[in-house]
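What follows is one structure encoded as structure tokens, with my remarks underneath.
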Amino acid sequence: MTRIGREELAQRIASDIPEGAYVNLGIGAPTLVANYLPSDLEVILHTENGLLGMGSAPAPGLIDPDLINAGKQPVTALAGAAYFHHADSFGMMRGGHLDICVLGAFQVSATGDLANWSTGAPGAIPAVGGAMDLAIGAKAVYVMTDLLTKAGESKLVAECTYPLTGVGCVSRVYTDHAVFDVTGGGFQVRELFGGTTVDELEQLTGLSLQLRIES
Amino acid sequence: MTRIGREELAQRIASDIPEGAYVNLGIGAPTLVANYLPSDLEVILHTENGLLGMGSAPAPGLIDPDLINAGKQPVTALAGAAYFHHADSFGMMRGGHLDICVLGAFQVSATGDLANWSTGAPGAIPAVGGAMDLAIGAKAVYVMTDLLTKAGESKLVAECTYPLTGVGCVSRVYTDHAVFDVTGGGFQVRELFGGTTVDELEQLTGLSLQLRIES
Amino acid sequence: MIDKTVPGTADAVAGVADGSTVMIGGFGRAGQPVELIDALIEQGAGDLTIVSNNAGNGDTGLAALLAKGRVRRMVCSFPRQHDSWVFDGLYRAGEIELEIVPQGNLAERIRAAGAGIGAFFSPTGVGTELAEGKEERTIDGRRYVLEYPIKADVALISAYRGDRWGNLIYRETARNFGPIMAAAATTTVAQVDEVVALGALDPEAVVTPGVFVNRVVAVAPRGWVQDGIFVGGVDIEGRPLEVLS
Amino acid sequence: MIDKTVPGTADAVAGVADGSTVMIGGFGRAGQPVELIDALIEQGAGDLTIVSNNAGNGDTGLAALLAKGRVRRMVCSFPRQHDSWVFDGLYRAGEIELEIVPQGNLAERIRAAGAGIGAFFSPTGVGTELAEGKEERTIDGRRYVLEYPIKADVALISAYRGDRWGNLIYRETARNFGPIMAAAATTTVAQVDEVVALGALDPEAVVTPGVFVNRVVAVAPRGWVQDGIFVGGVDIEGRPLEVLS
């Protein structure tokens with residue numbers, strides 16, 4: 001079956017972000033989405049370490065160590081940016097003022113639970129950062145992930161077995177095989193990539209899936 | 001018996017405020033205290049409508065309607081001032097960052113309860129403003145008041161009969177007859193004005209009073 | 001292109017529904033969005049709940065809205081002022097409901113709404129009649145009462161300068177409730193003296209980031225400021241005296 | 001005359017007692033008060049509880065303090081980074097305690113301490129193992145957990161400019177935890193690039209009013225800024241590359 005690559009998936013997500021949206025892109029793969037936002041549209045990026053109106057990475061030699069994103073990578077600030085402290089920044093998120101947050105995942109459950117901060121492996125050093133705040137804060141939480149783990153297990157599950165990041169918080173999952181909406185009745189297939197079929201997805205995930213009917 | 005006037009009392013209170021103190025002066029008589037702070041000492045005045053480093057009233061013709069105090073009178077801002085919004089301003093107070101607050105009172109009880117916002121008179125329009133926040137916020141709450149009401153009743157009481165502003169919050173009461181500390185064991189006379197005696201004060205207040213012994 | 005500016009105050013207040021909860025910024029006259037209130041009177045919405053620190057001064061602004069009978073309920077800390085005769089009359093006639101909230105609890109409850117806090121324990125008001133019926137708890141030996149967020153459908157605020165993304169800066173103590181109300185309402189409308197180009201506001205000094213603002217409208221500049229400099233020339237009610245320049 | 005400035009970093013951290021809770025500002029390296037931490041190492045206080053978003057980078061700053069064995073307990077949101085080998089080693093050896101707090105709850109709990117809030121209901125972490133054992137409540141149909149303030153004996157923060165009253169401004173995302181930690185500690189110490197004259201900081205743009213600050217010390221200016229202007233010239237760890245001017 002045909003899958004799409006990570007860059008293509010980032011592009012696919014970017015195309016769903018409307019002009020004027022306030023968006024937080026999580027650490028890791030979700031940051032790639034920024035590269036595909038059309039330059040003629042204004043989308044305002046939030047980074048939880050205190051900046052609204054984040055721009056792209058600086059040119060080499062123009063790195064400002066005071067100006068970083070949540071992944072601690074150097075960034076720039078656009079005209080129209082604003083800085084604020086951590087309580088204000090997380091209040092902005094927790095208060096539901098951001099439109100979209102894009103996050104990675106270990107698992108997403110059929111009821112929209114998210115697990116993305118800990119594998120629960122014994123001996124691992126726990127570290128949650130802003131993951132739990134991001135998970136419950138935005139109006140829409142999109143997950144960007146491969147459908148399967150490297151071991152071939154489905155990341156879409158009936159119930160998460162990894163430690164939870166948030167309960168019932170995910171609204172949509174973008175994977176390399178298909179896009180899924182989380183509905184009251186479980187996962188609904190919104191879009192299939194390449195030749196993937198719903199039957200194949202059901203086989204891969206072990207879940208009963210519905211195809212979204214355009215109304 | 002000798003009493004001191006309101007201006008003299010303001011001066012007396014001012015002399016107890018050390019350099020470097022952060023002070024909020026309540027609406028009404030307490031604002032007079034500002035006039036007696038020595039100009040060669042720096043005391044930083046807070047007004048709860050969003051300014052630290054408040055200065056004196058402006059000259060006529062230099063009134064700026066954007067720059068007012070909690071009593072909605074025009075003021076000025078000193079070099080070193082800072083503006084902030086209402087949540088930050090009351091957080092500053094509630095968080096115990098101000099050293100002294102000077103307030104008026106209808107009644108103060110022997111356990112430091114304060115009543116200064118409502119006489120409880122039927123038909124009166126209630127209005128509390130920042131009184132309850134001021135009462136519980138500062139490290140030390142000083143009350144500035146006449147000892148007696150116009151009708152000759154003591155404002156120092158065993159228990160307040162007027163609606164409370166705050167419980168156990170007053171640390172000292174400056175009156176036209178004497179200065180009282182609120183201690184675990186009731187009012188202690190800290191200082192007597194003119195020829196006033198503790199016996200006279202006991203008669204006027206109907207309370208059993210102790211004279212503070214300098215240690 | 002994001003452009004939150006609207007041409008006039010009528011556009012700015014369009015769509016306010018009867019029965020709405022409307023926050024109105026300002027402390028006394030400082031920071032009161034008078035032009036937006038005038039437009040709201042013109043727009044006609046009624047049966048309103050108004051959240052504002054005071055209950056109007058003189059016969060203009062919030063007082064004028066009250067005088068028109070558009071307000072069912074006031075939530076404020078200090079309605080009774082020397083010039084609050086409009087509110088006083090309505091209250092005594094039993095024509096308006098009143099919820100009194102200590103000023104710091106009012107501010108913190110508004111802030112909580114904007115910051116997604118479900119409720120908080122405040123030491124303010126403990127043991128007073130304004131805390132009657134509220135849940136009380138002793139934490140680390142201190143008494144607190146549980147206070148809930150105050151949200152609004154609409155916030156009308158006054159700022160000094162804004163840009164097309166809705167970023168705002170304020171002026172002196174006219175800042176007061178604007179920044180917290182902006183974050184607590186579904187739709188936030190800001191009147192500003194001047195709309196400036198994107199990037200003209202120092203990002204270190206922006207007080208209200210545009211994410212909290214839906215509409216920005218420029219109104220007549222305040223008479224006591226020219227090009228950002230205080231020039232004096234008014235009395236406390238904003239009436240012209242003389243211009244120093 | 002109020003003068004909160006002190007001559008050197010040793011004076012700035014004088015008196016920190018063994019067993020203290022010390023907040024340390026910064027998010028990764030941005031805003032980390034490295035010179036104050038170096039002075040604290042020199043000062044010698046041990047058995048510390050450190051509240052900071054991360055648990056040190058490389059071998060300098062907070063990592064150096066950890067390496068000296070001065071820290072009994074870390075309260076942070078994200079200890080595990082690519083360059084947090086010092087903390088990682090201590091943790092695996094069982095030589096340090098760790099309390100993990102979601103970043104927004106960490107920030108809000110610190111803010112609550114400074115603002116006199118007894119506790120608050122947060123939606124963050126509900127239903128996760130980090131909320132186990134915490135009081136939960138449903139308010140208006142949403143689940144929340146009760147979170148308590150985090151106070152400190154000392155806060156060490158890094159700002160950009162300060163004055164003798166302790167007013168502070170920050171720079172870009174190096175602001176992060178500084179303003180809220182300043183308000184949450186009994187003694188707050190700020191290192192700044194430059195102490196400026198009283199009145200030189202715009203009162204509209206002061207982020208931390210001096211009331212929250214006890215000591216201010218000027219340290220070597222950051223290499224990437226000259227006279228307030230970004231001049232580039234360093235890599236992400238602050239090492240010189242080239243100066244554009």
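So you can find residues: chains in the structure tokens are A, B, ... in the order shown, residues in each start at 1, and ligands are numbered from 1 in order.
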Per DSSP on the backbone, what are the strand (DSSP E) residues of range 185-226 of chain D, as a PDB file with N, CA, C and O atoms, in the first residue's frame?
ATOM      1  N   ALA D 185       9.381  34.354  45.620  1.00  0.00           N
ATOM      2  CA  ALA D 185      10.470  34.052  46.550  1.00  0.00           C
ATOM      3  C   ALA D 185      10.563  35.110  47.640  1.00  0.00           C
ATOM      4  O   ALA D 185      10.221  36.269  47.437  1.00  0.00           O
ATOM      5  N   THR D 186      11.046  34.699  48.788  1.00  0.00           N
ATOM      6  CA  THR D 186      11.281  35.637  49.880  1.00  0.00           C
ATOM      7  C   THR D 186      12.372  36.634  49.496  1.00  0.00           C
ATOM      8  O   THR D 186      12.253  37.832  49.744  1.00  0.00           O
ATOM      9  N   THR D 187      13.430  36.130  48.898  1.00  0.00           N
ATOM     10  CA  THR D 187      14.530  36.992  48.441  1.00  0.00           C
ATOM     11  C   THR D 187      14.765  36.738  46.961  1.00  0.00           C
ATOM     12  O   THR D 187      15.041  35.604  46.557  1.00  0.00           O
ATOM     13  N   THR D 188      14.631  37.776  46.170  1.00  0.00           N
ATOM     14  CA  THR D 188      14.822  37.637  44.728  1.00  0.00           C
ATOM     15  C   THR D 188      16.069  38.397  44.295  1.00  0.00           C
ATOM     16  O   THR D 188      16.239  39.568  44.610  1.00  0.00           O
ATOM     17  N   VAL D 189      16.908  37.684  43.590  1.00  0.00           N
ATOM     18  CA  VAL D 189      18.178  38.230  43.122  1.00  0.00           C
ATOM     19  C   VAL D 189      18.167  38.212  41.594  1.00  0.00           C
ATOM     20  O   VAL D 189      17.925  37.162  40.996  1.00  0.00           O
ATOM     21  N   ALA D 190      18.418  39.360  40.990  1.00  0.00           N
ATOM     22  CA  ALA D 190      18.423  39.444  39.531  1.00  0.00           C
ATOM     23  C   ALA D 190      19.804  39.830  39.030  1.00  0.00           C
ATOM     24  O   ALA D 190      20.371  40.822  39.492  1.00  0.00           O
ATOM     25  N   GLN D 191      20.319  39.046  38.100  1.00  0.00           N
ATOM     26  CA  GLN D 191      21.502  39.510  37.374  1.00  0.00           C
ATOM     27  C   GLN D 191      21.012  40.201  36.106  1.00  0.00           C
ATOM     28  O   GLN D 191      20.042  39.778  35.490  1.00  0.00           O
ATOM     29  N   VAL D 192      21.662  41.307  35.771  1.00  0.00           N
ATOM     30  CA  VAL D 192      21.268  42.074  34.577  1.00  0.00           C
ATOM     31  C   VAL D 192      22.529  42.383  33.782  1.00  0.00           C
ATOM     32  O   VAL D 192      23.635  42.401  34.326  1.00  0.00           O
ATOM     33  N   GLU D 194      22.989  45.248  32.546  1.00  0.00           N
ATOM     34  CA  GLU D 194      23.315  46.651  32.763  1.00  0.00           C
ATOM     35  C   GLU D 194      22.344  47.229  33.787  1.00  0.00           C
ATOM     36  O   GLU D 194      21.150  46.982  33.717  1.00  0.00           O
ATOM     37  N   VAL D 195      22.890  47.989  34.744  1.00  0.00           N
ATOM     38  CA  VAL D 195      22.042  48.774  35.639  1.00  0.00           C
ATOM     39  C   VAL D 195      21.914  50.161  35.021  1.00  0.00           C
ATOM     40  O   VAL D 195      22.932  50.793  34.708  1.00  0.00           O
ATOM     41  N   ARG D 215      17.747  42.203  45.238  1.00  0.00           N
ATOM     42  CA  ARG D 215      19.137  42.522  44.894  1.00  0.00           C
ATOM     43  C   ARG D 215      19.305  42.486  43.381  1.00  0.00           C
ATOM     44  O   ARG D 215      18.748  41.609  42.722  1.00  0.00           O
ATOM     45  N   VAL D 216      20.087  43.432  42.894  1.00  0.00           N
ATOM     46  CA  VAL D 216      20.366  43.512  41.459  1.00  0.00           C
ATOM     47  C   VAL D 216      21.883  43.573  41.286  1.00  0.00           C
ATOM     48  O   VAL D 216      22.548  44.363  41.958  1.00  0.00           O
ATOM     49  N   VAL D 217      22.390  42.752  40.380  1.00  0.00           N
ATOM     50  CA  VAL D 217      23.832  42.798  40.130  1.00  0.00           C
ATOM     51  C   VAL D 217      24.088  42.790  38.626  1.00  0.00           C
ATOM     52  O   VAL D 217      23.463  42.043  37.879  1.00  0.00           O
ATOM     53  N   ALA D 218      24.987  43.662  38.210  1.00  0.00           N
ATOM     54  CA  ALA D 218      25.346  43.706  36.788  1.00  0.00           C
ATOM     55  C   ALA D 218      26.419  42.661  36.508  1.00  0.00           C
ATOM     56  O   ALA D 218      27.368  42.517  37.273  1.00  0.00           O
ATOM     57  N   VAL D 225      24.455  41.261  22.011  1.00  0.00           N
ATOM     58  CA  VAL D 225      23.710  42.527  22.068  1.00  0.00           C
ATOM     59  C   VAL D 225      24.693  43.657  22.337  1.00  0.00           C
ATOM     60  O   VAL D 225      25.553  43.541  23.206  1.00  0.00           O
ATOM     61  N   GLN D 226      24.588  44.734  21.578  1.00  0.00           N
ATOM     62  CA  GLN D 226      25.386  45.924  21.870  1.00  0.00           C
ATOM     63  C   GLN D 226      24.460  47.121  21.891  1.00  0.00           C
ATOM     64  O   GLN D 226      23.742  47.370  20.920  1.00  0.00           O
TER      65      GLN D 226
END
Ile139 in chain D surroundings by only C-alpha atoms, 12 Å radius, close-in-sequence under 6 positions cut, as a PyMOL selection string:
(chain C and resi 116-120+147-149) or (chain D and resi 121-123+145-146)
Nearest residue to chain A out of B:Glu153, B:Glu8, B:Asp181, B:Asp88, using only C-alpha atoms?
B:Asp88
Separating CA of Gly25 in chain D from CA of Asp59 in chain D, to the nearest tenth of an Å, is a gap of 17.2 Å
Using DSSP assignments from the backbone, pull out every residue in chain A that falls under alpha helix (DSSP H) and give it to me as a PyMOL selection string.
chain A and resi 6-14+86-94+131-137+198-205
Residues of chain C within 9 Å of chain A, using only C-alpha atoms, as a ChimeraX atom specification?
/C:1-3,112-117,163-167,183-184,197-212
Show which residues sit within 7 Å of range 121-136 of chain B, as a list of chain:residue names. Count only C-alpha atoms, and ignore same-chain residues fewer than 3 positions away.
B:Met93, B:Arg94, B:Cys101, B:Trp117, B:Ser118, B:Val141, B:Thr165, B:Gly166, B:Cys169, C:Ser77, C:Phe78, C:Pro79, C:Arg80, C:Ile100, C:Pro102, C:Gln103, C:Gly104, C:Thr124, C:Gly125
Can I get the selection written as an mmCIF file, in the first residue's frame, with C-alpha atoms?
data_model
loop_
_atom_site.group_PDB
_atom_site.id
_atom_site.type_symbol
_atom_site.label_atom_id
_atom_site.label_comp_id
_atom_site.auth_asym_id
_atom_site.auth_seq_id
_atom_site.Cartn_x
_atom_site.Cartn_y
_atom_site.Cartn_z
ATOM 1 C CA MET B 93 -1.184 43.138 47.295
ATOM 2 C CA ARG B 94 -2.737 39.733 48.013
ATOM 3 C CA CYS B 101 -1.332 49.670 54.075
ATOM 4 C CA TRP B 117 -16.804 49.313 53.954
ATOM 5 C CA SER B 118 -20.424 49.295 55.015
ATOM 6 C CA VAL B 141 -2.253 47.062 58.135
ATOM 7 C CA THR B 165 -13.945 44.032 55.800
ATOM 8 C CA GLY B 166 -11.367 41.551 57.034
ATOM 9 C CA CYS B 169 -6.000 41.822 59.778
ATOM 10 C CA SER C 77 -16.764 46.356 42.993
ATOM 11 C CA PHE C 78 -17.712 49.973 43.520
ATOM 12 C CA PRO C 79 -20.968 51.292 42.055
ATOM 13 C CA ARG C 80 -21.423 54.176 44.480
ATOM 14 C CA ILE C 100 -20.730 43.313 44.511
ATOM 15 C CA PRO C 102 -14.197 42.802 45.996
ATOM 16 C CA GLN C 103 -12.006 44.481 43.408
ATOM 17 C CA GLY C 104 -9.130 42.014 43.612
ATOM 18 C CA THR C 124 -9.996 38.182 50.138
ATOM 19 C CA GLY C 125 -13.400 38.507 51.740
#
Excluding Ser84 in chain C and residues on its chain fewer than 4 positions from it, collect all residues at most 12 Å away from it, counting only C-alpha atoms, and give them as a ChimeraX atom specification.
/B:125,127 /C:28-29,54-64,66-67,78-80,88-91
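A straight line drawn from CA of Ala12 in chain D to CA of Val86 in chain D is 25.6 Å long.
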